[in-house]
file final06.txt (compact mmCIF, C-alpha atoms)
# COMPACT_ATOMS: atom_id res chain seq x y z
CA MET A 879 362.48 194.13 44.47
CA ARG A 880 362.06 191.58 47.27
CA ILE A 881 360.35 193.05 50.34
CA LEU A 882 359.80 191.29 53.68
CA LEU A 883 356.82 192.44 55.77
CA ILE A 884 357.28 191.65 59.48
CA ASP A 885 354.18 192.26 61.60
CA ASP A 886 352.15 190.01 63.88
CA SER A 887 348.94 191.50 62.49
CA LYS A 888 347.80 189.95 59.22
CA THR A 889 345.50 192.96 58.76
CA MET A 890 348.49 195.29 58.86
CA ARG A 891 350.52 193.09 56.50
CA ASN A 892 347.59 193.12 54.05
CA ILE A 893 347.39 196.91 54.20
CA GLN A 894 351.13 197.17 53.56
CA LYS A 895 350.89 194.63 50.71
CA SER A 896 348.16 196.68 49.09
CA VAL A 897 350.26 199.87 49.23
CA LEU A 898 353.35 198.06 47.91
CA ASN A 899 351.39 196.42 45.08
CA GLN A 900 350.13 199.85 44.04
CA LEU A 901 353.75 201.03 43.99
CA GLY A 902 354.58 198.13 41.68
CA PHE A 903 356.31 195.90 44.25
CA LEU A 904 354.99 192.38 43.80
CA GLU A 905 357.72 190.14 45.24
CA LEU A 906 356.62 190.15 48.87
CA GLU A 907 357.14 187.73 51.75
CA GLU A 908 355.51 187.86 55.17
CA ALA A 909 356.74 187.06 58.67
CA CYS A 910 354.65 187.15 61.84
CA ASP A 911 357.47 188.03 64.28
CA GLY A 912 361.19 188.71 64.41
CA GLN A 913 362.19 185.07 64.72
CA ASP A 914 359.99 184.06 61.79
CA ALA A 915 361.67 186.85 59.78
CA LEU A 916 365.19 185.66 60.69
CA ASP A 917 364.16 182.15 59.63
CA LYS A 918 363.01 183.40 56.21
CA ILE A 919 365.84 185.80 55.41
CA SER A 920 368.46 183.40 54.09
CA GLU A 921 366.08 181.94 51.51
CA PHE A 922 364.10 185.09 50.58
CA LYS A 923 367.07 187.51 50.62
CA PRO A 924 365.01 190.70 51.13
CA GLU A 925 366.14 193.99 49.64
CA LEU A 926 363.88 195.94 52.02
CA CYS A 927 362.14 195.03 55.29
CA LEU A 928 359.18 196.71 56.99
CA VAL A 929 359.32 195.83 60.70
CA ASP A 930 356.75 196.23 63.47
CA TRP A 931 358.08 196.80 67.01
CA ASN A 932 355.72 195.05 69.44
CA MET A 933 355.41 191.41 68.41
CA PRO A 934 355.31 188.12 70.32
CA VAL A 935 358.26 185.67 70.29
CA MET A 936 360.80 188.24 69.03
CA ASP A 937 360.07 191.97 68.92
CA GLY A 938 361.13 194.25 66.10
CA LEU A 939 364.00 195.95 67.93
CA THR A 940 365.60 192.60 68.78
CA PHE A 941 365.16 191.55 65.15
CA VAL A 942 366.84 194.75 63.90
CA LYS A 943 369.83 194.30 66.24
CA SER A 944 370.21 190.66 65.25
CA PHE A 945 369.80 191.39 61.51
CA ARG A 946 372.37 194.20 61.64
CA GLU A 947 375.01 191.89 63.12
CA THR A 948 375.39 190.34 59.68
CA ASP A 949 373.74 192.80 57.27
CA LYS A 950 374.66 196.48 57.52
CA THR A 951 373.13 197.66 54.27
CA THR A 952 369.65 196.25 53.52
CA PRO A 953 367.19 199.06 54.29
CA LEU A 954 364.90 198.55 57.28
CA ILE A 955 361.81 200.66 57.97
CA MET A 956 360.17 200.43 61.40
CA VAL A 957 356.36 200.63 61.12
CA THR A 958 354.95 200.84 64.63
CA THR A 959 352.64 202.51 67.13
CA GLU A 960 355.71 203.37 69.24
CA SER A 961 355.99 207.08 68.55
CA GLU A 962 357.87 208.52 71.52
CA LYS A 963 361.07 210.33 70.52
CA ALA A 964 363.17 208.07 72.75
CA ARG A 965 361.85 204.99 70.95
CA VAL A 966 362.55 206.46 67.52
CA ILE A 967 366.13 207.24 68.58
CA GLU A 968 366.54 203.74 70.02
CA ALA A 969 365.38 202.18 66.75
CA ILE A 970 367.66 204.36 64.65
CA LYS A 971 370.62 203.53 66.91
CA ALA A 972 369.80 199.84 66.43
CA GLY A 973 370.00 200.29 62.67
CA VAL A 974 366.66 201.21 61.11
CA ASN A 975 366.84 203.56 58.13
CA ASN A 976 363.40 205.12 58.46
CA TYR A 977 360.41 205.18 60.78
CA VAL A 978 356.64 205.21 60.15
CA VAL A 979 354.17 205.69 62.99
CA LYS A 980 350.84 203.82 62.83
CA PRO A 981 348.25 204.92 61.88
CA PHE A 982 349.58 205.97 58.48
CA THR A 983 348.03 206.90 55.18
CA PRO A 984 348.99 204.92 52.06
CA ASP A 985 350.63 208.12 50.77
CA LEU A 986 352.84 208.47 53.84
CA LEU A 987 353.98 204.84 53.72
CA SER A 988 354.78 205.01 50.01
CA GLU A 989 356.63 208.33 50.53
CA ARG A 990 358.80 206.81 53.30
CA ILE A 991 359.54 203.71 51.20
CA SER A 992 360.57 205.80 48.17
CA GLU A 993 362.64 208.13 50.38
CA THR A 994 364.42 205.21 52.05
CA LEU A 995 365.21 203.43 48.80
CA ALA A 996 366.47 206.67 47.23
CA LYS A 997 368.77 207.34 50.22
CA CYS A 998 370.09 203.80 50.38
CA ASN A 999 370.74 203.64 46.65
CA ALA A 1000 372.45 207.06 46.53
CA MET B 935 342.06 208.24 87.98
CA ASP B 936 343.96 211.26 86.69
CA ALA B 937 341.84 213.01 84.03
CA SER B 938 344.97 213.66 81.98
CA TYR B 939 345.09 209.91 81.24
CA ILE B 940 341.79 210.11 79.37
CA ASN B 941 342.29 212.96 76.88
CA PRO B 942 345.00 211.20 74.81
CA PHE B 943 342.58 208.35 74.10
CA MET B 944 339.93 210.72 72.75
CA THR B 945 342.31 212.22 70.21
CA SER B 946 343.87 208.86 69.47
CA ILE B 947 340.65 207.06 68.46
CA GLN B 948 339.74 210.03 66.25
CA ASN B 949 343.19 209.95 64.66
CA VAL B 950 343.23 206.18 64.07
CA PHE B 951 339.70 205.95 62.65
CA SER B 952 340.09 209.00 60.39
CA THR B 953 343.58 208.10 59.14
CA MET B 954 343.02 204.39 58.52
CA PHE B 955 339.48 204.45 57.11
CA GLN B 956 338.21 208.03 57.03
CA LEU B 957 335.58 207.50 59.74
CA PRO B 958 334.91 210.60 61.85
CA VAL B 959 334.42 210.01 65.59
CA GLU B 960 332.38 212.23 67.89
CA ILE B 961 333.35 211.89 71.54
CA GLY B 962 330.63 211.70 74.19
CA GLU B 963 330.77 212.45 77.90
CA PRO B 964 333.21 210.14 79.74
CA HIS B 965 331.83 208.47 82.86
CA ILE B 966 333.04 206.05 85.50
CA LYS B 967 331.73 202.54 84.99
CA ALA B 968 329.80 201.02 87.86
CA ASP B 969 330.80 197.43 87.01
CA ARG B 970 333.34 195.53 84.87
CA LYS B 971 330.83 194.08 82.41
CA ALA B 972 332.01 195.04 78.93
CA SER B 973 329.89 197.76 77.33
CA HIS B 974 329.36 195.68 74.18
CA ASP B 975 329.90 192.13 72.91
CA VAL B 976 333.26 192.55 71.10
CA SER B 977 336.25 193.73 73.17
CA GLY B 978 339.81 194.39 72.01
CA ILE B 979 342.04 194.51 75.09
CA ILE B 980 345.54 195.87 75.69
CA GLY B 981 347.43 195.50 78.97
CA VAL B 982 349.63 198.33 80.20
CA SER B 983 352.72 197.83 82.36
CA GLY B 984 355.74 199.71 83.65
CA GLU B 985 355.34 203.20 85.04
CA MET B 986 351.59 202.88 84.48
CA VAL B 987 349.50 199.74 84.84
CA GLY B 988 345.99 198.80 83.78
CA THR B 989 343.92 197.96 80.74
CA ILE B 990 342.58 199.65 77.64
CA VAL B 991 339.46 198.13 76.07
CA LEU B 992 337.83 198.98 72.76
CA SER B 993 334.30 197.62 73.08
CA MET B 994 331.82 197.44 70.20
CA PRO B 995 328.46 195.85 69.41
CA MET B 996 328.89 193.03 66.88
CA PRO B 997 327.21 194.81 63.91
CA VAL B 998 329.30 197.93 64.52
CA SER B 999 332.53 195.92 64.80
CA GLU B 1000 331.70 194.10 61.54
CA ALA B 1001 331.11 197.43 59.76
CA ILE B 1002 334.35 198.89 61.14
CA VAL B 1003 336.39 195.79 60.26
CA HIS B 1004 334.96 195.98 56.74
CA LEU B 1005 336.09 199.61 56.43
CA PHE B 1006 339.51 198.83 57.92
CA THR B 1007 340.32 195.74 55.86
CA GLY B 1008 338.22 196.34 52.74
CA MET B 1009 336.84 192.81 53.16
CA ASP B 1010 333.75 191.11 54.59
CA ILE B 1011 335.21 189.07 57.42
CA LYS B 1012 333.09 186.77 59.58
CA SER B 1013 333.33 187.39 63.31
CA ASP B 1014 334.41 183.78 63.96
CA SER B 1015 337.47 184.20 61.74
CA ASP B 1016 340.96 184.79 63.15
CA ASP B 1017 341.25 187.73 60.76
CA PHE B 1018 338.32 189.46 62.48
CA ALA B 1019 340.05 189.30 65.88
CA ASP B 1020 343.32 190.34 64.26
CA ALA B 1021 341.74 193.51 62.84
CA ILE B 1022 340.08 194.44 66.16
CA GLY B 1023 343.38 193.80 67.94
CA GLU B 1024 345.31 196.01 65.55
CA LEU B 1025 342.81 198.85 66.05
CA VAL B 1026 343.11 198.81 69.85
CA ASN B 1027 346.88 198.47 69.48
CA MET B 1028 347.08 201.63 67.37
CA ILE B 1029 344.72 203.56 69.67
CA SER B 1030 346.73 202.55 72.75
CA GLY B 1031 350.14 203.18 71.19
CA ASN B 1032 349.17 206.64 70.00
CA ALA B 1033 347.69 207.63 73.35
CA LYS B 1034 350.70 206.27 75.23
CA ALA B 1035 352.98 208.67 73.38
CA GLU B 1036 351.14 211.57 75.03
CA PHE B 1037 351.86 210.43 78.58
CA GLN B 1038 354.57 212.20 80.57
CA ARG B 1039 356.01 208.87 81.60
CA LYS B 1040 358.53 207.22 79.30
CA GLY B 1041 358.63 203.69 80.73
CA VAL B 1042 355.11 202.63 79.78
CA PHE B 1043 354.70 199.43 77.79
CA ILE B 1044 351.71 197.93 76.04
CA SER B 1045 351.01 194.24 75.54
CA CYS B 1046 350.05 192.49 72.34
CA PRO B 1047 346.25 192.71 72.01
CA SER B 1048 343.67 190.11 73.01
CA VAL B 1049 340.13 189.99 71.66
CA ILE B 1050 337.07 188.62 73.44
CA ILE B 1051 333.79 188.06 71.62
CA GLY B 1052 330.61 187.16 73.49
CA ASP B 1053 327.49 188.68 74.93
CA GLY B 1054 327.78 189.91 78.53
CA HIS B 1055 331.46 189.10 79.04
CA ARG B 1056 333.37 190.74 81.87
CA VAL B 1057 336.91 192.10 81.69
CA ALA B 1058 338.55 191.28 85.00
CA THR B 1059 340.87 194.13 85.98
CA ASN B 1060 342.24 195.59 89.18
CA THR B 1061 339.17 196.77 91.08
CA ASP B 1062 341.24 199.37 92.97
CA THR B 1063 341.48 201.41 89.78
CA PRO B 1064 338.33 203.02 88.42
CA CYS B 1065 337.37 202.35 84.83
CA VAL B 1066 336.40 205.35 82.71
CA CYS B 1067 334.16 204.71 79.72
CA ILE B 1068 334.47 207.11 76.78
CA PRO B 1069 331.44 206.78 74.46
CA CYS B 1070 332.39 207.37 70.82
CA TYR B 1071 329.82 207.95 68.07
CA THR B 1072 330.49 207.07 64.44
CA ASP B 1073 328.43 206.60 61.28
CA CYS B 1074 328.83 202.82 61.87
CA GLY B 1075 327.34 203.12 65.38
CA GLU B 1076 328.51 203.64 68.95
CA VAL B 1077 331.73 202.18 70.32
CA ALA B 1078 333.24 202.56 73.79
CA LEU B 1079 336.79 203.03 74.98
CA GLU B 1080 337.21 201.80 78.55
CA ILE B 1081 340.32 203.03 80.31
CA SER B 1082 341.52 201.75 83.67
CA LEU B 1083 345.01 203.07 84.41
CA ARG B 1084 347.07 204.11 87.38
CA ALA B 1085 350.64 205.34 87.75
CA THR B 1086 353.15 203.22 89.63
CA THR B 1087 355.77 205.97 89.90
CA GLN B 1088 356.08 209.73 89.88
CA VAL B 1089 356.67 211.35 86.48
CA SER B 1090 360.33 210.97 85.56
CA SER B 1091 362.44 211.46 82.48
CA THR B 1092 363.98 207.98 82.57
CA HIS B 1093 364.14 206.29 79.21
CA SER B 1094 363.52 202.57 78.91
CA SER B 1095 363.25 200.07 76.11
CA ALA B 1096 359.95 198.91 74.66
CA ALA B 1097 359.17 195.25 75.12
call {"tool": "encode", "arguments": {"input": "final06.txt", "output": "structure tokens"}}
result
Amino acid sequence: MRILLIDDSKTMRNIQKSVLNQLGFLELEEACDGQDALDKISEFKPELCLVDWNMPVMDGLTFVKSFRETDKTTPLIMVTTESEKARVIEAIKAGVNNYVVKPFTPDLLSERISETLAKCNA
Amino acid sequence: MDASYINPFMTSIQNVFSTMFQLPVEIGEPHIKADRKASHDVSGIIGVSGEMVGTIVLSMPMPVSEAIVHLFTGMDIKSDSDDFADAIGELVNMISGNAKAEFQRKGVFISCPSVIIGDGHRVATNTDTPCVCIPCYTDCGEVALEISLRATTQVSSTHSSAA
């Protein structure tokens, strides 16, 4: 499965890569902001995206809205420090399928990924 | 500064350090800083805007920051590497984001982090707002959270978008 990791922090992308590798996902691409992700989507064709919220150039919410204009089905998981209820609702309204608040344990991230893929493939 | 602004940061640093790399944090007695010289030589800085304004600084001595970055990333990263600053920035980002969720105000936004490394540096902030230093003790050594925040509005229930 092709997974796109969108986060301005390389440290965070590495942590996510490590969790995904342990889950057996090896086909990973990285983007450092929403615009970089949009630029990589047509070639990489992700089947799942993990998206941070606060990023320079283009934030995660803007990316989600833009991505959903043309793709209604690819699962998107927001992985962010933004944990207020209003923010979670805003992200879900914009089109994310699941939400993970940083900091997270590897177990929590893998649980949310499995849960999201199961729901979207049902 | 309202004391209720400080408590969320104490629980947040404990939560971030224990969740991300199983490092317990013991909180010391917070005190108001007499000057704006950073407590230590590595500072991760987040700006706050919206219904609250100010800065949040995670300040660490170099050897402590290297030990913490090693725990966080699982790698030995030199302090002059971009990856070192990235890791420090992500830590202060998580601490700030978690604490922010505990505030009564909804329209509070945090900036992307900046990291300053250097002995005796000074973080220039609004001098009208006091800066509270929270000493934090870990097995890697002492770190400091420096919080300088003030509200720009009364508490309201207005919802706004994150930047």
call {"tool": "closest_atom_pairs", "arguments": {"input": "final06.txt", "of": "chain A", "to": "chain B", "cutoff": "8 Å", "atoms": "all atoms listed in the file", "output": "tab-separated table"}}
result
residue	atom	partner	partner_atom	distance
A:Ser887	CA	B:Asp1020	CA	6.0
A:Lys888	CA	B:Asp1020	CA	6.8
A:Thr889	CA	B:Ala1021	CA	5.6
A:Met890	CA	B:Glu1024	CA	7.4
A:Asn892	CA	B:Thr1007	CA	7.9
A:Ile893	CA	B:Thr1007	CA	7.4
A:Asn932	CA	B:Ala1097	CA	6.6
A:Met933	CA	B:Cys1046	CA	6.7
A:Pro934	CA	B:Cys1046	CA	7.1
A:Asp937	CA	B:Ala1097	CA	7.1
A:Thr959	CA	B:Gly1031	CA	4.8
A:Glu960	CA	B:Gly1031	CA	5.9
A:Ser961	CA	B:Ala1035	CA	5.9
A:Glu962	CA	B:Ala1035	CA	5.2
A:Ala964	CA	B:His1093	CA	6.8
A:Arg965	CA	B:Ser1095	CA	7.3
A:Glu968	CA	B:Ser1095	CA	7.8
A:Lys980	CA	B:Met1028	CA	6.3
A:Pro981	CA	B:Val950	CA	5.6
A:Phe982	CA	B:Thr953	CA	6.4
A:Thr983	CA	B:Thr953	CA	6.1
call {"tool": "closest_residue", "arguments": {"input": "final06.txt", "among": "A:Leu939, A:Leu928, A:Ile881, A:Ile967", "to": "A:Asn899", "atoms": "all atoms listed in the file"}}
result
A:Ile881
call {"tool": "closest_residue", "arguments": {"input": "final06.txt", "among": "A:Gly902, A:Gly912, A:Pro953, A:Pro924", "to": "A:Tyr977", "atoms": "only C-alpha atoms"}}
result
A:Pro953
call {"tool": "residues_around", "arguments": {"input": "final06.txt", "residues": "A:Leu898", "least_positions_apart": "5", "cutoff": "10 Å", "atoms": "only C-alpha atoms", "output": "list in words"}}
result
Ile881, Asn892, Ile893, Phe903, Leu904, Glu905, Leu906, Pro984, Leu987, Ser988 and Ile991 of chain A
call {"tool": "closest_residue", "arguments": {"input": "final06.txt", "among": "B:Gly1075, B:Thr1086, B:Pro964, B:Asn941", "to": "B:Pro997", "atoms": "all atoms listed in the file"}}
result
B:Gly1075
call {"tool": "decode", "arguments": {"input": "final06.txt", "residues": "stretch 950-1043 of chain B", "atoms": "C-alpha atoms", "output": "PDB file, in the first residue's frame"}}
result
ATOM      1  CA  VAL B 950       4.896  14.410  25.849  1.00  0.00           C
ATOM      2  CA  PHE B 951       8.117  13.100  27.413  1.00  0.00           C
ATOM      3  CA  SER B 952       6.480   9.982  28.879  1.00  0.00           C
ATOM      4  CA  THR B 953       4.431   9.133  25.774  1.00  0.00           C
ATOM      5  CA  MET B 954       7.111   9.737  23.147  1.00  0.00           C
ATOM      6  CA  PHE B 955      10.168   8.339  24.944  1.00  0.00           C
ATOM      7  CA  GLN B 956       9.155   7.087  28.388  1.00  0.00           C
ATOM      8  CA  LEU B 957      11.065   9.788  30.280  1.00  0.00           C
ATOM      9  CA  PRO B 958       9.432  10.774  33.585  1.00  0.00           C
ATOM     10  CA  VAL B 959       9.474  14.500  34.424  1.00  0.00           C
ATOM     11  CA  GLU B 960       9.413  15.932  37.933  1.00  0.00           C
ATOM     12  CA  ILE B 961       8.159  19.506  38.070  1.00  0.00           C
ATOM     13  CA  GLY B 962       9.956  22.049  40.260  1.00  0.00           C
ATOM     14  CA  GLU B 963       8.727  25.311  41.723  1.00  0.00           C
ATOM     15  CA  PRO B 964       7.758  27.830  39.005  1.00  0.00           C
ATOM     16  CA  HIS B 965       9.239  31.307  39.406  1.00  0.00           C
ATOM     17  CA  ILE B 966       9.157  34.602  37.555  1.00  0.00           C
ATOM     18  CA  LYS B 967      12.312  35.234  35.558  1.00  0.00           C
ATOM     19  CA  ALA B 968      14.190  38.420  36.335  1.00  0.00           C
ATOM     20  CA  ASP B 969      15.602  38.792  32.798  1.00  0.00           C
ATOM     21  CA  ARG B 970      15.046  37.407  29.273  1.00  0.00           C
ATOM     22  CA  LYS B 971      18.336  35.523  29.032  1.00  0.00           C
ATOM     23  CA  ALA B 972      17.491  31.928  28.123  1.00  0.00           C
ATOM     24  CA  SER B 973      17.921  29.515  31.021  1.00  0.00           C
ATOM     25  CA  HIS B 974      20.121  27.202  28.930  1.00  0.00           C
ATOM     26  CA  ASP B 975      21.945  27.148  25.588  1.00  0.00           C
ATOM     27  CA  VAL B 976      19.355  25.342  23.414  1.00  0.00           C
ATOM     28  CA  SER B 977      15.908  26.954  23.059  1.00  0.00           C
ATOM     29  CA  GLY B 978      12.894  25.690  21.112  1.00  0.00           C
ATOM     30  CA  ILE B 979      10.472  28.595  20.681  1.00  0.00           C
ATOM     31  CA  ILE B 980       6.787  28.769  19.762  1.00  0.00           C
ATOM     32  CA  GLY B 981       4.887  32.009  19.223  1.00  0.00           C
ATOM     33  CA  VAL B 982       1.280  32.285  20.369  1.00  0.00           C
ATOM     34  CA  SER B 983      -1.300  34.536  18.709  1.00  0.00           C
ATOM     35  CA  GLY B 984      -5.027  35.181  18.654  1.00  0.00           C
ATOM     36  CA  GLU B 985      -6.961  35.367  21.900  1.00  0.00           C
ATOM     37  CA  MET B 986      -3.673  34.897  23.758  1.00  0.00           C
ATOM     38  CA  VAL B 987      -0.278  36.221  22.742  1.00  0.00           C
ATOM     39  CA  GLY B 988       3.256  35.481  23.857  1.00  0.00           C
ATOM     40  CA  THR B 989       5.957  32.850  23.659  1.00  0.00           C
ATOM     41  CA  ILE B 990       6.637  29.349  24.914  1.00  0.00           C
ATOM     42  CA  VAL B 991      10.292  28.324  25.220  1.00  0.00           C
ATOM     43  CA  LEU B 992      11.726  24.889  25.961  1.00  0.00           C
ATOM     44  CA  SER B 993      15.264  25.588  27.141  1.00  0.00           C
ATOM     45  CA  MET B 994      17.879  22.895  27.726  1.00  0.00           C
ATOM     46  CA  PRO B 995      21.626  22.619  28.330  1.00  0.00           C
ATOM     47  CA  MET B 996      23.355  21.137  25.269  1.00  0.00           C
ATOM     48  CA  PRO B 997      24.235  17.734  26.834  1.00  0.00           C
ATOM     49  CA  VAL B 998      20.659  17.332  28.101  1.00  0.00           C
ATOM     50  CA  SER B 999      19.179  18.280  24.722  1.00  0.00           C
ATOM     51  CA  GLU B1000      21.479  15.775  22.977  1.00  0.00           C
ATOM     52  CA  ALA B1001      20.381  13.011  25.371  1.00  0.00           C
ATOM     53  CA  ILE B1002      16.702  13.879  24.896  1.00  0.00           C
ATOM     54  CA  VAL B1003      17.003  14.081  21.092  1.00  0.00           C
ATOM     55  CA  HIS B1004      18.693  10.672  21.164  1.00  0.00           C
ATOM     56  CA  LEU B1005      15.773   9.212  23.142  1.00  0.00           C
ATOM     57  CA  PHE B1006      13.206  10.918  20.901  1.00  0.00           C
ATOM     58  CA  THR B1007      14.705   9.977  17.532  1.00  0.00           C
ATOM     59  CA  GLY B1008      16.614   6.808  18.420  1.00  0.00           C
ATOM     60  CA  MET B1009      19.661   8.324  16.693  1.00  0.00           C
ATOM     61  CA  ASP B1010      22.837  10.197  17.649  1.00  0.00           C
ATOM     62  CA  ILE B1011      22.313  13.554  15.981  1.00  0.00           C
ATOM     63  CA  LYS B1012      24.920  16.310  16.087  1.00  0.00           C
ATOM     64  CA  SER B1013      23.686  19.643  17.403  1.00  0.00           C
ATOM     65  CA  ASP B1014      24.765  21.441  14.204  1.00  0.00           C
ATOM     66  CA  SER B1015      22.485  19.235  12.102  1.00  0.00           C
ATOM     67  CA  ASP B1016      19.091  20.428  10.825  1.00  0.00           C
ATOM     68  CA  ASP B1017      17.630  17.220  12.231  1.00  0.00           C
ATOM     69  CA  PHE B1018      18.660  18.246  15.754  1.00  0.00           C
ATOM     70  CA  ALA B1019      16.746  21.536  15.503  1.00  0.00           C
ATOM     71  CA  ASP B1020      13.831  19.712  13.891  1.00  0.00           C
ATOM     72  CA  ALA B1021      13.551  17.323  16.857  1.00  0.00           C
ATOM     73  CA  ILE B1022      13.735  20.141  19.431  1.00  0.00           C
ATOM     74  CA  GLY B1023      11.131  22.073  17.444  1.00  0.00           C
ATOM     75  CA  GLU B1024       8.772  19.121  17.314  1.00  0.00           C
ATOM     76  CA  LEU B1025       9.053  18.651  21.093  1.00  0.00           C
ATOM     77  CA  VAL B1026       8.139  22.257  21.889  1.00  0.00           C
ATOM     78  CA  ASN B1027       5.379  22.070  19.271  1.00  0.00           C
ATOM     79  CA  MET B1028       3.802  19.051  20.976  1.00  0.00           C
ATOM     80  CA  ILE B1029       4.160  20.569  24.461  1.00  0.00           C
ATOM     81  CA  SER B1030       2.564  23.838  23.312  1.00  0.00           C
ATOM     82  CA  GLY B1031      -0.237  22.205  21.325  1.00  0.00           C
ATOM     83  CA  ASN B1032      -1.217  19.944  24.200  1.00  0.00           C
ATOM     84  CA  ALA B1033      -1.213  22.775  26.733  1.00  0.00           C
ATOM     85  CA  LYS B1034      -3.193  25.033  24.397  1.00  0.00           C
ATOM     86  CA  ALA B1035      -6.044  22.534  24.352  1.00  0.00           C
ATOM     87  CA  GLU B1036      -6.535  23.135  28.081  1.00  0.00           C
ATOM     88  CA  PHE B1037      -7.113  26.870  27.729  1.00  0.00           C
ATOM     89  CA  GLN B1038     -10.660  28.215  27.967  1.00  0.00           C
ATOM     90  CA  ARG B1039     -10.100  30.288  24.858  1.00  0.00           C
ATOM     91  CA  LYS B1040     -10.743  28.676  21.493  1.00  0.00           C
ATOM     92  CA  GLY B1041      -9.077  31.167  19.154  1.00  0.00           C
ATOM     93  CA  VAL B1042      -5.479  30.565  20.216  1.00  0.00           C
ATOM     94  CA  PHE B1043      -2.957  29.720  17.512  1.00  0.00           C
TER      95      PHE B1043
END
